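S.K.: Below you'll find work_35.csv; it's CSV, C-alpha atoms and all ligand atoms.
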chain,number,residue,atom,x,y,z
R,1,MET,CA,-29.1,-0.3,-12.9
R,2,SER,CA,-25.5,-1.2,-13.5
R,3,SER,CA,-24.4,1.9,-11.5
R,4,THR,CA,-25.7,0.4,-8.3
R,5,ILE,CA,-23.0,0.0,-5.8
R,6,ARG,CA,-23.1,-3.0,-3.5
R,7,ARG,CA,-22.5,-1.9,0.1
R,8,ILE,CA,-21.2,-3.6,3.2
R,9,SER,CA,-23.2,-2.6,6.4
R,10,LEU,CA,-21.3,-1.3,9.4
R,11,GLY,CA,-23.8,-2.9,11.7
R,12,VAL,CA,-24.8,0.5,13.1
R,13,ASP,CA,-28.0,1.8,11.5
R,14,TRP,CA,-27.3,5.5,11.8
R,15,LEU,CA,-23.8,5.2,10.5
R,16,ASP,CA,-25.1,3.2,7.5
R,17,TYR,CA,-27.5,6.0,6.8
R,18,ALA,CA,-24.6,8.5,6.9
R,19,MET,CA,-22.7,6.4,4.3
R,20,LEU,CA,-25.7,5.8,2.1
R,21,GLY,CA,-25.9,2.1,3.1
R,22,GLY,CA,-22.3,1.3,4.1
R,23,VAL,CA,-18.9,0.8,2.7
R,24,PRO,CA,-18.8,0.3,-1.1
R,25,ARG,CA,-17.8,-3.3,-1.9
R,26,GLY,CA,-14.0,-3.6,-2.4
R,27,ASN,CA,-13.3,-0.4,-0.5
R,28,TRP,CA,-10.9,-0.1,2.4
R,29,LEU,CA,-12.4,1.7,5.4
R,30,LEU,CA,-10.0,3.0,8.1
R,31,ILE,CA,-11.3,3.7,11.5
R,32,THR,CA,-9.0,6.0,13.5
R,33,GLY,CA,-9.2,7.3,17.0
R,34,GLU,CA,-7.8,7.3,20.5
R,35,PRO,CA,-7.8,4.3,22.9
R,36,GLY,CA,-11.3,3.5,24.3
R,37,VAL,CA,-13.2,5.5,21.7
R,38,GLY,CA,-15.0,2.4,20.3
R,39,LYS,CA,-13.1,1.3,17.3
R,40,SER,CA,-13.0,-2.4,18.2
R,41,ILE,CA,-16.7,-2.4,19.1
R,42,LEU,CA,-17.6,-0.9,15.7
R,43,THR,CA,-15.6,-3.6,13.9
R,44,ILE,CA,-17.4,-6.3,16.0
R,45,GLN,CA,-20.7,-4.7,15.1
R,46,ALA,CA,-19.7,-4.8,11.4
R,47,ALA,CA,-18.6,-8.4,11.7
R,48,GLY,CA,-22.0,-9.3,13.3
R,49,ALA,CA,-24.0,-7.6,10.6
R,50,ASN,CA,-22.3,-9.4,7.7
R,51,VAL,CA,-21.4,-12.8,9.0
R,52,ASP,CA,-24.7,-14.4,7.9
R,53,ALA,CA,-24.4,-13.1,4.4
R,54,MET,CA,-20.7,-13.4,3.6
R,55,PRO,CA,-17.5,-15.0,4.9
R,56,VAL,CA,-15.7,-12.7,7.4
R,57,VAL,CA,-12.0,-12.9,8.4
R,58,TYR,CA,-11.4,-11.0,11.7
R,59,VAL,CA,-7.8,-10.3,12.5
R,60,SER,CA,-7.3,-9.2,16.1
R,61,THR,CA,-3.8,-8.0,16.9
R,62,GLU,CA,-4.7,-6.8,20.4
R,63,THR,CA,-7.2,-9.1,22.0
R,64,LYS,CA,-7.6,-12.8,22.3
R,65,PHE,CA,-10.1,-14.8,20.3
R,66,PHE,CA,-12.3,-15.5,23.3
R,67,ASP,CA,-12.5,-11.7,24.1
R,68,VAL,CA,-13.7,-10.9,20.7
R,69,VAL,CA,-16.6,-13.3,21.1
R,70,ARG,CA,-17.2,-12.2,24.6
R,71,GLN,CA,-17.3,-8.5,23.8
R,72,ALA,CA,-19.7,-9.2,20.9
R,73,LYS,CA,-22.1,-11.0,23.3
R,74,GLN,CA,-22.2,-7.9,25.5
R,75,PHE,CA,-23.9,-6.2,22.5
R,76,ASN,CA,-26.2,-9.1,21.7
R,77,ILE,CA,-24.1,-10.1,18.7
R,78,ASP,CA,-23.7,-13.9,18.5
R,79,LEU,CA,-20.3,-14.8,17.1
R,80,SER,CA,-20.2,-18.2,18.9
R,81,ASP,CA,-19.9,-20.1,15.5
R,82,ALA,CA,-16.6,-18.4,14.9
R,83,VAL,CA,-13.4,-20.5,14.8
R,84,SER,CA,-10.0,-19.4,15.7
R,85,LEU,CA,-7.3,-19.9,13.1
R,86,ALA,CA,-4.9,-21.2,15.8
R,87,ASP,CA,-7.4,-24.0,16.6
R,88,VAL,CA,-7.8,-24.8,12.9
R,89,LEU,CA,-4.0,-25.1,12.5
R,90,ALA,CA,-3.8,-27.2,15.6
R,91,GLY,CA,-6.3,-29.6,14.1
R,92,LYS,CA,-8.8,-28.9,16.9
R,93,VAL,CA,-11.7,-27.8,14.6
R,94,LYS,CA,-13.6,-30.8,13.3
R,95,ASP,CA,-16.6,-29.1,11.8
R,96,MET,CA,-15.4,-26.4,9.4
R,97,LYS,CA,-18.9,-25.0,8.7
R,98,THR,CA,-18.3,-21.4,9.7
R,99,ASN,CA,-18.5,-18.0,8.1
R,100,LEU,CA,-16.1,-16.4,10.5
R,101,VAL,CA,-12.5,-17.1,11.1
R,102,VAL,CA,-10.8,-15.1,13.8
R,103,ILE,CA,-7.1,-14.7,13.6
R,104,ASP,CA,-5.8,-13.9,17.1
R,105,LEU,CA,-2.2,-13.1,16.7
R,106,PHE,CA,-1.4,-14.0,20.3
R,107,GLY,CA,-3.0,-17.4,19.7
R,108,LEU,CA,-0.7,-17.9,16.7
R,109,ALA,CA,2.5,-17.3,18.6
R,110,ARG,CA,3.4,-21.0,18.3
R,111,GLN,CA,2.2,-21.6,14.8
R,112,TYR,CA,3.3,-18.6,13.0
R,113,ARG,CA,6.7,-20.0,11.9
R,114,GLU,CA,4.9,-22.9,10.2
R,115,LEU,CA,2.6,-20.4,8.4
R,116,LEU,CA,5.6,-18.4,7.3
R,117,ARG,CA,7.5,-21.5,6.0
R,118,ALA,CA,4.5,-22.2,3.8
R,119,SER,CA,4.6,-18.7,2.3
R,120,GLU,CA,8.4,-18.7,2.2
R,121,GLU,CA,8.3,-21.4,-0.4
R,122,GLU,CA,6.8,-18.8,-2.6
R,123,GLY,CA,9.7,-16.6,-1.8
R,124,LYS,CA,7.5,-14.0,-0.2
R,125,SER,CA,8.4,-13.8,3.4
R,126,ARG,CA,11.2,-12.7,5.7
R,127,ALA,CA,9.2,-12.0,8.8
R,128,LYS,CA,10.7,-12.4,12.3
R,129,SER,CA,7.7,-11.5,14.5
R,130,PRO,CA,4.2,-12.9,14.8
R,131,LEU,CA,2.9,-9.4,14.5
R,132,SER,CA,4.4,-8.7,11.1
R,133,MET,CA,2.5,-7.9,7.9
R,134,GLU,CA,3.8,-11.2,6.4
R,135,VAL,CA,2.3,-13.3,9.2
R,136,VAL,CA,-1.0,-11.3,9.0
R,137,MET,CA,-1.1,-11.9,5.2
R,138,ALA,CA,-0.2,-15.6,5.5
R,139,SER,CA,-2.9,-16.0,8.1
R,140,ILE,CA,-5.5,-14.3,6.0
R,141,GLU,CA,-4.7,-16.5,3.1
R,142,LYS,CA,-5.0,-19.6,5.4
R,143,ALA,CA,-8.4,-18.2,6.6
R,144,TYR,CA,-9.6,-17.9,3.0
R,145,GLU,CA,-8.7,-21.6,2.6
R,146,THR,CA,-10.6,-22.5,5.7
R,147,LEU,CA,-13.6,-20.6,4.5
R,148,GLY,CA,-13.4,-22.2,1.1
R,149,VAL,CA,-13.2,-18.9,-0.7
R,150,SER,CA,-9.8,-19.2,-2.5
R,151,GLU,CA,-8.6,-21.0,-5.5
R,152,GLU,CA,-5.1,-20.8,-6.9
R,153,GLY,CA,-4.5,-17.4,-5.2
R,154,LYS,CA,-7.8,-16.0,-6.4
R,155,VAL,CA,-10.6,-15.0,-4.0
R,156,THR,CA,-13.7,-16.6,-5.4
R,157,LYS,CA,-16.4,-14.9,-3.4
R,158,ASP,CA,-17.1,-11.6,-1.7
R,159,VAL,CA,-15.3,-11.5,1.6
R,160,LEU,CA,-15.0,-9.0,4.5
R,161,VAL,CA,-11.6,-8.7,6.1
R,162,ILE,CA,-11.4,-6.8,9.4
R,163,ILE,CA,-8.0,-5.9,10.9
R,164,ASP,CA,-8.1,-4.5,14.5
R,165,SER,CA,-5.6,-2.9,14.7
R,166,LEU,CA,-2.8,-2.2,12.2
R,167,ALA,CA,-0.4,-0.6,14.6
R,168,PRO,CA,1.4,-3.7,16.0
R,169,MET,CA,2.5,-4.6,12.4
R,170,TRP,CA,5.0,-1.8,12.5
R,171,ALA,CA,5.6,-1.6,16.3
R,172,HIS,CA,9.1,-2.9,15.7
R,173,ALA,CA,9.9,-0.4,12.9
R,174,PRO,CA,7.7,2.7,13.1
R,175,ALA,CA,9.5,4.4,10.2
R,176,MET,CA,8.5,1.5,8.0
R,177,ALA,CA,4.7,2.0,8.5
R,178,ARG,CA,4.0,3.5,5.1
R,179,LEU,CA,5.9,0.8,3.3
R,180,ILE,CA,4.3,-1.9,5.3
R,181,THR,CA,0.8,-0.7,4.7
R,182,TYR,CA,1.5,-0.2,1.0
R,183,ARG,CA,2.6,-3.8,0.8
R,184,LEU,CA,-0.4,-4.9,2.7
R,185,ARG,CA,-2.6,-3.2,0.2
R,186,GLN,CA,-0.7,-4.7,-2.6
R,187,ARG,CA,-1.0,-8.2,-1.2
R,188,LEU,CA,-4.6,-8.1,0.1
R,189,TYR,CA,-6.3,-5.9,-2.6
R,190,ARG,CA,-9.0,-7.7,-4.6
R,191,SER,CA,-12.2,-6.1,-6.0
R,192,ASN,CA,-14.3,-8.5,-4.0
R,193,VAL,CA,-12.5,-8.1,-0.7
R,194,THR,CA,-13.8,-5.3,1.5
R,195,VAL,CA,-11.5,-4.2,4.3
R,196,ILE,CA,-12.3,-2.5,7.6
R,197,MET,CA,-9.1,-1.7,9.6
R,198,THR,CA,-8.4,0.3,12.7
R,199,ASN,CA,-5.5,2.4,13.8
R,200,GLN,CA,-4.9,4.4,17.0
R,201,PHE,CA,-4.6,8.1,17.0
R,202,ALA,CA,-2.6,10.0,19.6
R,203,PRO,CA,-4.7,13.0,20.9
R,204,THR,CA,-1.6,14.6,22.4
R,205,THR,CA,0.3,15.0,19.1
R,206,GLY,CA,-2.6,14.7,16.6
R,207,MET,CA,-0.5,12.0,14.9
R,208,THR,CA,-1.7,8.6,14.0
R,209,PHE,CA,0.7,6.2,15.6
R,210,GLY,CA,3.4,5.0,13.3
R,211,PHE,CA,2.6,7.7,10.7
R,212,GLY,CA,-0.7,6.2,9.9
R,213,ALA,CA,-2.4,4.3,7.1
R,214,GLU,CA,-4.6,7.0,5.6
R,215,HIS,CA,-2.8,6.7,2.3
R,216,ILE,CA,-4.2,3.2,1.7
R,217,ALA,CA,-7.7,4.0,2.9
R,218,ASP,CA,-10.6,4.7,0.5
R,219,ALA,CA,-12.8,5.9,3.4
R,220,ILE,CA,-11.9,7.2,6.8
R,221,ILE,CA,-14.1,7.4,10.0
R,222,HIS,CA,-12.4,9.4,12.7
R,223,MET,CA,-13.6,9.0,16.3
R,224,TRP,CA,-12.6,11.1,19.3
R,225,ILE,CA,-13.5,12.0,22.9
R,226,GLU,CA,-14.1,15.7,23.3
R,227,GLN,CA,-11.8,17.4,25.8
R,228,PRO,CA,-12.5,15.1,28.7
R,229,GLU,CA,-10.6,17.3,31.2
R,230,LYS,CA,-12.8,20.2,30.4
R,231,LYS,CA,-16.1,18.4,29.9
R,232,LYS,CA,-15.5,16.1,32.9
R,233,GLU,CA,-17.3,13.3,31.1
R,234,ILE,CA,-16.8,11.1,28.1
R,235,GLU,CA,-18.4,12.7,25.1
R,236,ARG,CA,-17.8,10.7,22.0
R,237,TRP,CA,-17.9,12.0,18.4
R,238,LEU,CA,-17.2,10.7,15.0
R,239,ILE,CA,-16.9,12.1,11.5
R,240,ILE,CA,-16.6,10.5,8.1
R,241,LYS,CA,-13.5,12.3,6.8
R,242,LYS,CA,-13.6,10.8,3.4
R,243,ALA,CA,-15.3,8.1,1.3
R,244,ARG,CA,-14.4,7.3,-2.2
R,245,LEU,CA,-17.1,6.2,-4.6
R,246,THR,CA,-19.9,7.5,-2.4
R,247,ASN,CA,-21.5,10.6,-1.0
R,248,HIS,CA,-21.4,10.8,2.9
R,249,TYR,CA,-22.9,12.9,5.7
R,250,ARG,CA,-20.5,15.8,6.3
R,251,LYS,CA,-21.1,16.7,9.9
R,252,ALA,CA,-19.8,15.1,13.1
R,253,MET,CA,-22.1,12.8,14.9
R,254,LYS,CA,-22.3,12.4,18.7
R,255,TYR,CA,-22.7,8.9,20.0
R,256,GLU,CA,-22.4,6.8,23.1
R,257,ILE,CA,-21.5,3.2,23.7
R,258,GLU,CA,-24.5,1.6,25.4
R,259,PRO,CA,-24.6,-1.8,27.1
R,260,GLU,CA,-26.5,-4.2,24.8
R,261,ASN,CA,-26.7,-1.7,21.9
R,262,GLY,CA,-23.1,-0.7,21.2
R,263,LEU,CA,-22.6,2.6,19.2
R,264,THR,CA,-25.8,4.6,19.9
R,265,LEU,CA,-26.6,7.9,18.2
R,266,ILE,CA,-27.1,11.0,20.3
R,267,GLU,CA,-26.9,13.9,17.8
R,268,PRO,CA,-28.2,14.6,15.2
R,269,SER,CA,-31.5,12.8,15.3
R,270,ILE,CA,-31.9,9.5,13.4
R,271,GLU,CA,-34.7,11.2,11.5
R,272,GLU,CA,-32.3,13.8,10.2
R,273,LEU,CA,-29.9,11.1,9.0
R,274,ARG,CA,-32.7,9.1,7.4
R,275,LYS,CA,-33.9,12.2,5.6
R,276,TRP,CA,-30.4,12.9,4.4
R,277,PHE,CA,-30.2,9.2,3.2
R,278,ASP,CA,-33.5,9.5,1.3
R,279,GLN,CA,-32.5,12.8,-0.2
R,280,TYR,CA,-29.2,11.5,-1.7
R,281,GLY,CA,-30.6,8.4,-3.3
R,282,GLY,CA,-29.7,5.8,-0.7
R,283,LYS,CA,-33.3,4.6,-0.7
R,284,GLN,CA,-33.4,4.2,-4.5
R,285,GLU,CA,-30.0,2.6,-4.5
R,286,SER,CA,-30.7,0.0,-1.9
R,287,SER,CA,-34.1,-0.9,-3.4
R,288,GLU,CA,-32.3,-1.8,-6.7
R,289,GLU,CA,-30.2,-4.6,-5.2
D,301,LIG,N1,-20.4,-3.8,27.7
D,301,LIG,C1,-20.1,-2.5,27.6
D,301,LIG,N2,-21.1,-1.7,27.8
D,301,LIG,C2,-21.0,-0.3,27.6
D,301,LIG,N3,-19.8,0.2,27.2
D,301,LIG,C3,-18.8,-0.6,27.0
D,301,LIG,C4,-18.9,-2.0,27.2
D,301,LIG,N4,-17.7,-2.6,26.9
D,301,LIG,C5,-16.9,-1.6,26.6
D,301,LIG,N5,-17.5,-0.4,26.7
D,301,LIG,C6,-16.9,1.0,26.4
D,301,LIG,O1,-16.2,0.9,25.2
D,301,LIG,C7,-14.9,1.3,25.4
D,301,LIG,C8,-13.9,0.5,24.7
D,301,LIG,O2,-14.2,0.5,23.3
D,301,LIG,P1,-13.2,-0.2,22.2
D,301,LIG,O3,-12.6,-1.4,22.9
D,301,LIG,O4,-14.0,-0.4,21.0
D,301,LIG,O5,-12.1,1.0,22.1
D,301,LIG,P2,-11.0,1.1,21.0
D,301,LIG,O6,-11.2,2.4,20.3
D,301,LIG,O7,-10.9,-0.1,20.2
D,301,LIG,O8,-9.7,1.3,22.0
D,301,LIG,P3,-8.2,0.7,21.8
D,301,LIG,O9,-7.5,1.7,20.9
D,301,LIG,O10,-7.6,0.8,23.2
D,301,LIG,O11,-8.2,-0.7,21.3
D,301,LIG,C9,-14.6,1.2,26.9
D,301,LIG,O12,-13.7,2.2,27.3
D,301,LIG,C10,-16.0,1.5,27.5
D,301,LIG,O13,-16.2,2.9,27.6
D,302,MG,MG,-9.5,-1.7,20.1
Let's see the structure in the file written out as structure tokens.
Ligand SMILES: Nc1ncnc2c1ncn2[C@@H]1O[C@H](COP(=O)(O)OP(=O)(O)OP(=O)(O)O)[C@@H](O)[C@H]1O
Ligand SMILES: [Mg+2]

M.R.:
Amino acid sequence: MSSTIRRISLGVDWLDYAMLGGVPRGNWLLITGEPGVGKSILTIQAAGANVDAMPVVYVSTETKFFDVVRQAKQFNIDLSDAVSLADVLAGKVKDMKTNLVVIDLFGLARQYRELLRASEEEGKSRAKSPLSMEVVMASIEKAYETLGVSEEGKVTKDVLVIIDSLAPMWAHAPAMARLITYRLRQRLYRSNVTVIMTNQFAPTTGMTFGFGAEHIADAIIHMWIEQPEKKKEIERWLIIKKARLTNHYRKAMKYEIEPENGLTLIEPSIEELRKWFDQYGGKQESSEE
């Protein structure tokens, strides 16, 4: 059926059930939550689940390339074929056969000016810092080239772009956050590019740092730790706050981060989520692909 939506798995079975199979292709998913809640681990699980099937660009603005691969390994996700964009630019990568390019913005500290000069020729960039939107965009475009998925500015294949996290892009100018994220959406948006991005959320003020990125998101998963002072333990919850183009489970789900497994469901039961998935056509939809 032509109404079938292609979906991108989040690499977490119960969360996929709760989104009827995952993020609709071309949608932008924003993962918000306080530090340590599991945003980065979720993005790594999503990268691991898709990398065999489609090219993935993973932008890490907070951790080094090596740490992304190392954290993945702790959850039995093998990202060892990944290449770092910094190594590609330095000519250190001989065999370009990879489906995953990691852009580690720290690793790019030396090369970012070169990247910008290339995009400045097109009159696009005025960036001063390696953590700017312009550098992130120029790096993503370079990663597309490395993956062989771009032709004359067009993205020729389905690609998954992960940005963990957005916040450093406006650290130098918090009041510009909305404008920066609008521009990012304008530059990066393609119907065959699915985006998963994270942003921190301050539990003290209830504000997403830098005024947030909700306005550019098609779907939002919010994660939090329930009153740790009162509970005296870490109790993690998440809820799908919105999701365009798809039905989604409406209740909060309790989870834990388990060694080897990553995000692990505690409540409701997996059977309940599977039942919900079957009831709302997820089964039918996925069998049509
Ligand atoms: N190997 C592991 N086994 C079990 N739990 C782990 C493991 N590694 C990390 N964790 C848990 O995951 C948490 C970190 O998760 P993650 O890095 O995804 O958080 P985050 O939401 O991205 O935080 P930040 O906003 O600071 O980047 C740790 O605080 C710890 O509780
Ligand atoms: Mg993180």

S.K.: Taking all atoms listed in the file into account, which of R:Ser139, R:Thr264, R:Thr194, R:Gln279 comes nearest ligand LIG 301 (chain D)?

M.R.: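 Of R:Ser139, R:Thr264, R:Thr194, R:Gln279, the one nearest ligand LIG 301 (chain D), counting all atoms listed in the file, is R:Thr264.
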
S.K.: To one decimal place, how far is atom CA of R:Asp104 from atom CA of R:Ala82 in Å?

M.R.: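 So the answer is 11.9 Å.
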
S.K.: Calculate how many Å separate atom CA of R:Val161 from atom CA of R:Val193, rounding to one decimal.

M.R.: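 So the answer is 6.9 Å.
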
S.K.: With distances taken over only C-alpha atoms, which of R:Ile162, R:Ala46, R:Leu100, R:Val88 is nearest to R:Ser60?

M.R.: R:Ile162

S.K.: Taking only C-alpha atoms and all ligand atoms into account, which residues have an atom no farther than 9 Å from ligand MG 302 (chain D)? I'd like them as a PyMOL selection string.

M.R.: chain R and resi 35-41+43+60+62-63+164-165+198-200

S.K.: Counting all atoms listed in the file, what is within 10 Å of stretch 173-183 of chain R, bar same-chain residues fewer than 2 positions away, as a tab-separated table (two decimals) with C-alpha atoms, in the frame of the given file?

M.R.:
chain	number	residue	atom	x	y	z
R	132	SER	CA	4.40	-8.70	11.10
R	133	MET	CA	2.50	-7.90	7.90
R	134	GLU	CA	3.80	-11.20	6.40
R	137	MET	CA	-1.10	-11.90	5.20
R	166	LEU	CA	-2.80	-2.20	12.20
R	167	ALA	CA	-0.40	-0.60	14.60
R	168	PRO	CA	1.40	-3.70	16.00
R	169	MET	CA	2.50	-4.60	12.40
R	170	TRP	CA	5.00	-1.80	12.50
R	171	ALA	CA	5.60	-1.60	16.30
R	185	ARG	CA	-2.60	-3.20	0.20
R	186	GLN	CA	-0.70	-4.70	-2.60
R	187	ARG	CA	-1.00	-8.20	-1.20
R	188	LEU	CA	-4.60	-8.10	0.10
R	189	TYR	CA	-6.30	-5.90	-2.60
R	209	PHE	CA	0.70	6.20	15.60
R	210	GLY	CA	3.40	5.00	13.30
R	211	PHE	CA	2.60	7.70	10.70
R	212	GLY	CA	-0.70	6.20	9.90
R	213	ALA	CA	-2.40	4.30	7.10
R	214	GLU	CA	-4.60	7.00	5.60
R	215	HIS	CA	-2.80	6.70	2.30
R	216	ILE	CA	-4.20	3.20	1.70
R	217	ALA	CA	-7.70	4.00	2.90

S.K.: Just checking: using all atoms listed in the file, which residue out of R:Phe277, R:Tyr255, R:Trp224, R:Phe65 ends up closest to R:Leu79?

M.R.: R:Phe65

S.K.: R:Asn50, R:Gln111, R:Leu116, R:Asp13: which is nearest R:Gly91, counting only C-alpha atoms?

M.R.: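 Checking each candidate against R:Gly91, we get R:Gln111 as the closest.
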
S.K.: Using all atoms listed in the file for the distances, tell me which of R:Asn192, R:Thr156, R:Asn27, R:Ser9 is nearest to R:Leu245.

M.R.: R:Asn27

S.K.: What is the distance between atom CA of R:Asp67 and atom O3 of ligand LIG 301 (chain D), in Å to one decimal?

M.R.: 10.4 Å
